[in-house]
>>> print(open('target.cif').read())   # mmCIF, N, CA and C atoms
data_work
loop_
_atom_site.label_atom_id
_atom_site.label_comp_id
_atom_site.auth_asym_id
_atom_site.auth_seq_id
_atom_site.Cartn_x
_atom_site.Cartn_y
_atom_site.Cartn_z
N MET A 192 -28.12 -33.74 -21.74
CA MET A 192 -27.95 -32.30 -21.63
C MET A 192 -26.48 -32.00 -21.34
N PRO A 193 -25.88 -31.10 -22.10
CA PRO A 193 -24.46 -30.82 -21.89
C PRO A 193 -24.21 -30.07 -20.59
N ASN A 194 -23.06 -30.31 -20.02
CA ASN A 194 -22.67 -29.63 -18.78
C ASN A 194 -21.72 -28.47 -19.04
N ILE A 195 -20.99 -28.54 -20.12
CA ILE A 195 -19.98 -27.53 -20.42
C ILE A 195 -20.64 -26.36 -21.15
N LYS A 196 -20.23 -25.15 -20.77
CA LYS A 196 -20.85 -23.94 -21.31
C LYS A 196 -20.76 -23.89 -22.84
N SER A 197 -19.61 -24.22 -23.39
CA SER A 197 -19.44 -24.15 -24.85
C SER A 197 -20.33 -25.19 -25.55
N ALA A 198 -20.52 -26.34 -24.91
CA ALA A 198 -21.38 -27.38 -25.51
C ALA A 198 -22.83 -26.92 -25.48
N LYS A 199 -23.23 -26.24 -24.42
CA LYS A 199 -24.60 -25.71 -24.34
C LYS A 199 -24.82 -24.68 -25.45
N LYS A 200 -23.83 -23.80 -25.62
CA LYS A 200 -23.93 -22.77 -26.65
C LYS A 200 -24.00 -23.41 -28.03
N ARG A 201 -23.17 -24.41 -28.26
CA ARG A 201 -23.13 -25.10 -29.54
C ARG A 201 -24.49 -25.74 -29.83
N MET A 202 -25.09 -26.34 -28.79
CA MET A 202 -26.38 -26.99 -28.96
C MET A 202 -27.45 -25.97 -29.35
N GLU A 203 -27.43 -24.82 -28.71
CA GLU A 203 -28.40 -23.77 -29.03
C GLU A 203 -28.19 -23.24 -30.44
N LEU A 204 -26.94 -23.00 -30.83
CA LEU A 204 -26.65 -22.53 -32.18
C LEU A 204 -27.08 -23.56 -33.23
N SER A 205 -26.85 -24.83 -32.93
CA SER A 205 -27.25 -25.89 -33.85
C SER A 205 -28.77 -25.92 -34.01
N ARG A 206 -29.47 -25.73 -32.91
CA ARG A 206 -30.93 -25.72 -32.95
C ARG A 206 -31.43 -24.57 -33.85
N GLU A 207 -30.83 -23.39 -33.68
CA GLU A 207 -31.24 -22.24 -34.50
C GLU A 207 -30.93 -22.48 -35.98
N ALA A 208 -29.75 -23.02 -36.26
CA ALA A 208 -29.37 -23.28 -37.64
C ALA A 208 -30.29 -24.33 -38.26
N ARG A 209 -30.63 -25.34 -37.48
CA ARG A 209 -31.52 -26.40 -37.97
C ARG A 209 -32.86 -25.81 -38.37
N GLY A 210 -33.36 -24.88 -37.56
CA GLY A 210 -34.63 -24.22 -37.88
C GLY A 210 -34.54 -23.41 -39.16
N ARG A 211 -33.45 -22.65 -39.32
CA ARG A 211 -33.27 -21.86 -40.55
C ARG A 211 -33.15 -22.77 -41.76
N ASN A 212 -32.37 -23.83 -41.63
CA ASN A 212 -32.18 -24.75 -42.75
C ASN A 212 -33.48 -25.43 -43.13
N ARG A 213 -34.30 -25.76 -42.14
CA ARG A 213 -35.59 -26.40 -42.40
C ARG A 213 -36.48 -25.49 -43.22
N VAL A 214 -36.51 -24.20 -42.86
CA VAL A 214 -37.32 -23.23 -43.61
C VAL A 214 -36.81 -23.12 -45.04
N THR A 215 -35.49 -23.04 -45.20
CA THR A 215 -34.90 -22.92 -46.54
C THR A 215 -35.25 -24.11 -47.40
N ARG A 216 -35.08 -25.32 -46.87
CA ARG A 216 -35.38 -26.52 -47.64
C ARG A 216 -36.85 -26.60 -48.00
N SER A 217 -37.71 -26.17 -47.08
CA SER A 217 -39.14 -26.19 -47.34
C SER A 217 -39.50 -25.24 -48.47
N ARG A 218 -38.92 -24.04 -48.46
CA ARG A 218 -39.19 -23.07 -49.53
C ARG A 218 -38.73 -23.60 -50.88
N ILE A 219 -37.59 -24.29 -50.89
CA ILE A 219 -37.07 -24.85 -52.14
C ILE A 219 -37.99 -25.96 -52.65
N ARG A 220 -38.43 -26.83 -51.75
CA ARG A 220 -39.34 -27.91 -52.17
C ARG A 220 -40.63 -27.34 -52.75
N THR A 221 -41.14 -26.27 -52.13
CA THR A 221 -42.36 -25.63 -52.63
C THR A 221 -42.12 -25.04 -54.01
N ALA A 222 -40.97 -24.38 -54.19
CA ALA A 222 -40.65 -23.77 -55.48
C ALA A 222 -40.54 -24.84 -56.57
N ILE A 223 -39.93 -25.97 -56.25
CA ILE A 223 -39.80 -27.06 -57.22
C ILE A 223 -41.18 -27.62 -57.56
N ARG A 224 -42.02 -27.75 -56.56
CA ARG A 224 -43.38 -28.26 -56.81
C ARG A 224 -44.14 -27.32 -57.74
N ARG A 225 -43.94 -26.00 -57.58
CA ARG A 225 -44.61 -25.04 -58.45
C ARG A 225 -44.15 -25.18 -59.90
N VAL A 226 -42.87 -25.49 -60.09
CA VAL A 226 -42.37 -25.71 -61.46
C VAL A 226 -43.06 -26.94 -62.05
N ARG A 227 -43.13 -28.01 -61.28
CA ARG A 227 -43.76 -29.24 -61.76
C ARG A 227 -45.22 -29.05 -62.10
N GLU A 228 -45.93 -28.25 -61.30
CA GLU A 228 -47.37 -28.11 -61.46
C GLU A 228 -47.76 -26.95 -62.38
N ALA A 229 -46.78 -26.26 -62.97
CA ALA A 229 -47.09 -25.13 -63.85
C ALA A 229 -47.87 -25.62 -65.06
N ASN A 230 -48.87 -24.83 -65.47
CA ASN A 230 -49.73 -25.28 -66.57
C ASN A 230 -49.23 -24.82 -67.94
N THR A 231 -48.35 -23.81 -67.99
CA THR A 231 -47.78 -23.39 -69.27
C THR A 231 -46.27 -23.35 -69.15
N ARG A 232 -45.63 -23.36 -70.30
CA ARG A 232 -44.17 -23.33 -70.30
C ARG A 232 -43.64 -22.02 -69.73
N GLU A 233 -44.35 -20.91 -70.01
CA GLU A 233 -43.92 -19.61 -69.49
C GLU A 233 -43.98 -19.58 -67.97
N ASN A 234 -45.07 -20.12 -67.42
CA ASN A 234 -45.18 -20.18 -65.95
C ASN A 234 -44.08 -21.07 -65.36
N ALA A 235 -43.84 -22.20 -66.03
CA ALA A 235 -42.80 -23.11 -65.55
C ALA A 235 -41.44 -22.41 -65.55
N GLU A 236 -41.16 -21.64 -66.60
CA GLU A 236 -39.88 -20.94 -66.69
C GLU A 236 -39.76 -19.88 -65.58
N ARG A 237 -40.85 -19.16 -65.33
CA ARG A 237 -40.84 -18.13 -64.28
C ARG A 237 -40.60 -18.77 -62.91
N HIS A 238 -41.30 -19.87 -62.64
CA HIS A 238 -41.12 -20.55 -61.35
C HIS A 238 -39.73 -21.18 -61.25
N ARG A 239 -39.18 -21.63 -62.40
CA ARG A 239 -37.84 -22.21 -62.39
C ARG A 239 -36.81 -21.15 -61.99
N ARG A 240 -36.96 -19.92 -62.50
CA ARG A 240 -36.03 -18.85 -62.13
C ARG A 240 -36.08 -18.58 -60.63
N ASP A 241 -37.28 -18.55 -60.07
CA ASP A 241 -37.41 -18.34 -58.63
C ASP A 241 -36.75 -19.47 -57.85
N ALA A 242 -36.98 -20.71 -58.30
CA ALA A 242 -36.42 -21.87 -57.61
C ALA A 242 -34.89 -21.86 -57.69
N VAL A 243 -34.35 -21.52 -58.86
CA VAL A 243 -32.89 -21.50 -59.03
C VAL A 243 -32.26 -20.47 -58.11
N ALA A 244 -32.90 -19.32 -57.94
CA ALA A 244 -32.36 -18.30 -57.04
C ALA A 244 -32.30 -18.83 -55.61
N LEU A 245 -33.35 -19.51 -55.17
CA LEU A 245 -33.36 -20.08 -53.82
C LEU A 245 -32.30 -21.16 -53.67
N ILE A 246 -32.15 -22.00 -54.70
CA ILE A 246 -31.19 -23.10 -54.65
C ILE A 246 -29.77 -22.55 -54.59
N ASP A 247 -29.48 -21.53 -55.41
CA ASP A 247 -28.14 -20.94 -55.40
C ASP A 247 -27.81 -20.34 -54.04
N ARG A 248 -28.79 -19.66 -53.45
CA ARG A 248 -28.57 -19.07 -52.13
C ARG A 248 -28.29 -20.16 -51.10
N ALA A 249 -29.04 -21.26 -51.17
CA ALA A 249 -28.84 -22.35 -50.23
C ALA A 249 -27.47 -22.99 -50.42
N ALA A 250 -27.01 -23.10 -51.66
CA ALA A 250 -25.70 -23.70 -51.92
C ALA A 250 -24.59 -22.79 -51.39
N ASN A 251 -24.75 -21.47 -51.55
CA ASN A 251 -23.75 -20.54 -51.02
C ASN A 251 -23.66 -20.62 -49.51
N ARG A 252 -24.79 -20.86 -48.87
CA ARG A 252 -24.81 -20.95 -47.40
C ARG A 252 -24.55 -22.37 -46.91
N ARG A 253 -24.26 -23.27 -47.86
CA ARG A 253 -23.93 -24.67 -47.54
C ARG A 253 -25.10 -25.43 -46.91
N VAL A 254 -26.33 -25.00 -47.18
CA VAL A 254 -27.48 -25.81 -46.78
C VAL A 254 -27.50 -27.04 -47.67
N PHE A 255 -27.17 -26.84 -48.96
CA PHE A 255 -27.01 -27.94 -49.92
C PHE A 255 -25.56 -27.97 -50.37
N HIS A 256 -25.08 -29.14 -50.70
CA HIS A 256 -23.78 -29.25 -51.34
C HIS A 256 -23.89 -28.63 -52.73
N PRO A 257 -22.87 -27.91 -53.18
CA PRO A 257 -22.96 -27.26 -54.50
C PRO A 257 -23.27 -28.23 -55.64
N ASN A 258 -22.75 -29.44 -55.57
CA ASN A 258 -23.04 -30.42 -56.62
C ASN A 258 -24.52 -30.80 -56.61
N LYS A 259 -25.11 -30.92 -55.43
CA LYS A 259 -26.53 -31.23 -55.34
C LYS A 259 -27.34 -30.09 -55.92
N ALA A 260 -26.93 -28.85 -55.64
CA ALA A 260 -27.64 -27.70 -56.18
C ALA A 260 -27.60 -27.73 -57.70
N GLY A 261 -26.44 -28.03 -58.26
CA GLY A 261 -26.32 -28.11 -59.72
C GLY A 261 -27.18 -29.21 -60.29
N ARG A 262 -27.24 -30.33 -59.62
CA ARG A 262 -28.05 -31.46 -60.08
C ARG A 262 -29.53 -31.10 -60.09
N ILE A 263 -29.99 -30.44 -59.03
CA ILE A 263 -31.40 -30.05 -58.95
C ILE A 263 -31.73 -29.04 -60.05
N LYS A 264 -30.83 -28.07 -60.27
CA LYS A 264 -31.08 -27.07 -61.31
C LYS A 264 -31.13 -27.72 -62.69
N SER A 265 -30.27 -28.70 -62.92
CA SER A 265 -30.26 -29.41 -64.20
C SER A 265 -31.58 -30.17 -64.39
N GLN A 266 -32.06 -30.79 -63.33
CA GLN A 266 -33.33 -31.52 -63.41
C GLN A 266 -34.48 -30.56 -63.71
N LEU A 267 -34.45 -29.38 -63.09
CA LEU A 267 -35.49 -28.39 -63.36
C LEU A 267 -35.44 -27.92 -64.81
N ASP A 268 -34.22 -27.71 -65.34
CA ASP A 268 -34.08 -27.30 -66.74
C ASP A 268 -34.70 -28.34 -67.67
N ARG A 269 -34.39 -29.61 -67.41
CA ARG A 269 -34.96 -30.67 -68.26
C ARG A 269 -36.47 -30.74 -68.12
N LEU A 270 -36.96 -30.50 -66.92
CA LEU A 270 -38.40 -30.52 -66.68
C LEU A 270 -39.09 -29.42 -67.48
N VAL A 271 -38.51 -28.22 -67.48
CA VAL A 271 -39.11 -27.10 -68.21
C VAL A 271 -39.00 -27.35 -69.72
N GLN A 272 -37.89 -27.92 -70.19
CA GLN A 272 -37.73 -28.19 -71.62
C GLN A 272 -38.80 -29.15 -72.12
N GLY A 273 -39.14 -30.14 -71.31
CA GLY A 273 -40.14 -31.12 -71.70
C GLY A 273 -41.57 -30.68 -71.42
N HIS A 274 -41.72 -29.49 -70.87
CA HIS A 274 -43.05 -28.99 -70.48
C HIS A 274 -43.81 -28.50 -71.70
N GLU A 275 -45.03 -28.93 -71.81
CA GLU A 275 -45.88 -28.50 -72.94
C GLU A 275 -47.02 -27.66 -72.48
#
>>> encode(input="target.cif", output="structure tokens")
Amino acid sequence: MPNIKSAKKRMELSREARGRNRVTRSRIRTAIRRVREANTRENAERHRRDAVALIDRAANRRVFHPNKAGRIKSQLDRLVQGHE
């Protein structure tokens, strides 16, 4: 447990950020799963758009590195292209 006031504050802020980041990552994983499990190409495309919006927001907020966000979006594009 920190003794210094600024360290205590930092710990609390980190805890809050960790909670927000956890929710964001969970929503993105769910969105990606929906793309994978889509039964038609149209549904897959609709879910891909939703997932890309979440991924872009996470990259802007630095939850994900921008390169990782681009890689995930590229994988989703290929997944939808191969979807029958």
>>> axis_aligned_box(input="target.cif", around="stretch 225-238 of chain A", padding_each_side="4 Å", output="JSON")
{"center_x": -44.7, "center_y": -23.7, "center_z": -63.9, "size_x": 18.0, "size_y": 19.1, "size_z": 20.7}
>>> atom_distance(input="target.cif", atom1="atom N of A:Leu204", atom2="atom C of A:Asn258")
27.0 Å
>>> closest_atom_pairs(input="target.cif", of="stretch 224-255 of chain A", to="stretch 259-268 of chain A", cutoff="7 Å", atoms="only N, CA and C atoms", output="tab-separated table")
residue	atom	partner	partner_atom	distance
A:Arg239	CA	A:Leu267	C	6.6
A:Val243	CA	A:Lys264	CA	6.3
A:Ile246	C	A:Ala260	CA	5.8
A:Asp247	N	A:Ala260	CA	6.5
A:Ala250	CA	A:Ala260	CA	6.2
A:Phe255	C	A:Ala260	N	5.5
>>> resolve_selection(input="target.cif", expression="the PyMOL selection byres (((chain A and resi 236 and name CA) around 10) and name CA)", output="ChimeraX atom specification")
/A:226,229,231-235,237-242,267-268,270-272,274
>>> atom_distance(input="target.cif", atom1="atom CA of A:Ala249", atom2="atom N of A:Glu203")
21.7 Å
>>> atom_distance(input="target.cif", atom1="atom CA of A:Asn251", atom2="atom CA of A:Arg220")
17.3 Å
>>> select_by_dssp(input="target.cif", residues="chain A", states="alpha helix (DSSP H)", output="VMD selection string")
chain A and resid 196 to 228 232 to 251 257 to 272
>>> residues_near_point(input="target.cif", point="(-35.4, -23.5, -46.4)", cutoff="12 Å", atoms="only C-alpha atoms", output="list in words")
Ala208, Arg209, Gly210, Arg211, Asn212, Arg213, Val214, Thr215, Arg216, Ser217, Arg218, Ile219, Arg220, Thr221, Ala222, Ala242, Leu245, Ile246, Asp247, Arg248, Ala249, Ala250, Arg252, Arg253, Val254 and Phe255 of chain A
